[in-house]
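S.K.: Here you go, one structure.
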Amino acid sequence: MQMGFFQEVDMEIHELVVEMKLLERRLTLYEEKYGILSEDFYDALMSGELARYDEYDETRADFSRWKGTHETWKRRKEAYRKQMTQINLLNVLRFQPTY
């Protein structure tokens with residue numbers, strides 16, 4: 001079965017959590033570099049407020065990667081929330097005893 005480019009991959013809850021945390025680490029680097037949270041950056045970018053930065057190669061490249069990372073994080077978060085409403089938490093909770 002071939003999947004389309006934008007078709008969401010079915011991931012288990014644990015996989016979603018791990019990937020979201022990796023994406024959050026990447027987002028944090030941009031947030032620290034530019035001094036704003038990803039949600040505020042994304043809203044400003046989508047409304048056209050950051051268009052003047054398109055002339056700077058480094059900023060344009062950063063903004064493109066930041067936007068893509070944020071959009072991927074949002075999709076994973078949505079998939080996580082959707083799955084959590086359809087399952088019993090006790091069936092997916094990963095319990096690891098303390099030694």
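Chain labels run A, B, ... following the order of the structure tokens; each chain numbers its residues from 1, and ligands are numbered from 1 in the order shown.
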Give me, as a list in words, all polymer residues having an atom no more than 9 Å from Trp66 of chain A, counting only C-alpha atoms and skipping those fewer than 3 positions away in the same chain.

M.R.: Arg26, Leu27, Tyr30, Ser38, Phe41, Tyr42, Ala61, Asp62, Phe63, Thr69, His70 and Glu71 of chain A

S.K.: Restricting the output to C-alpha atoms, write the selected residues as a PDB file, in the first residue's frame.

M.R.:
ATOM      1  CA  ARG A  26      14.266  21.441  17.927  1.00  0.00           C
ATOM      2  CA  LEU A  27      11.582  24.079  18.467  1.00  0.00           C
ATOM      3  CA  TYR A  30      14.598  28.334  17.463  1.00  0.00           C
ATOM      4  CA  SER A  38       6.850  28.757  18.309  1.00  0.00           C
ATOM      5  CA  PHE A  41       6.205  32.773  15.506  1.00  0.00           C
ATOM      6  CA  TYR A  42       3.846  30.578  13.496  1.00  0.00           C
ATOM      7  CA  ALA A  61      16.027  29.038   5.876  1.00  0.00           C
ATOM      8  CA  ASP A  62      15.523  29.027   9.659  1.00  0.00           C
ATOM      9  CA  PHE A  63      11.929  30.197   9.337  1.00  0.00           C
ATOM     10  CA  THR A  69       8.933  21.505  12.515  1.00  0.00           C
ATOM     11  CA  HIS A  70       6.066  23.337  14.208  1.00  0.00           C
ATOM     12  CA  GLU A  71       3.520  22.008  11.705  1.00  0.00           C
TER      13      GLU A  71
END

S.K.: Rounded to one decimal, what separation in Å do you get between atom CA of Gly35 of chain A and atom CA of Leu50 of chain A?

M.R.: 14.2 Å

S.K.: Could you name the residues that touch Leu16 of chain A at 12 Å or less, counting only C-alpha atoms, but leaving out those on the same chain fewer than 3 positions away, as number ranges by chain?

M.R.: A: 8-13, 19-24, 72-84

S.K.: Using Å and a single decimal, report how far atom CA of Leu45 of chain A sits from atom CA of Arg25 of chain A.

M.R.: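 Calculated distance between atom CA of Arg25 of chain A and atom CA of Leu45 of chain A is 20.4 Å.
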
S.K.: Write out as a PyMOL selection string the set of residues from chain A that DSSP, computed on the backbone, places in alpha helix (DSSP H).

M.R.: chain A and resi 13-34+38-46+57-86+89-92

S.K.: Between atom CA of Gly68 of chain A and atom CA of Asp40 of chain A, what is the distance, to one decimal in Å?

M.R.: 14.5 Å
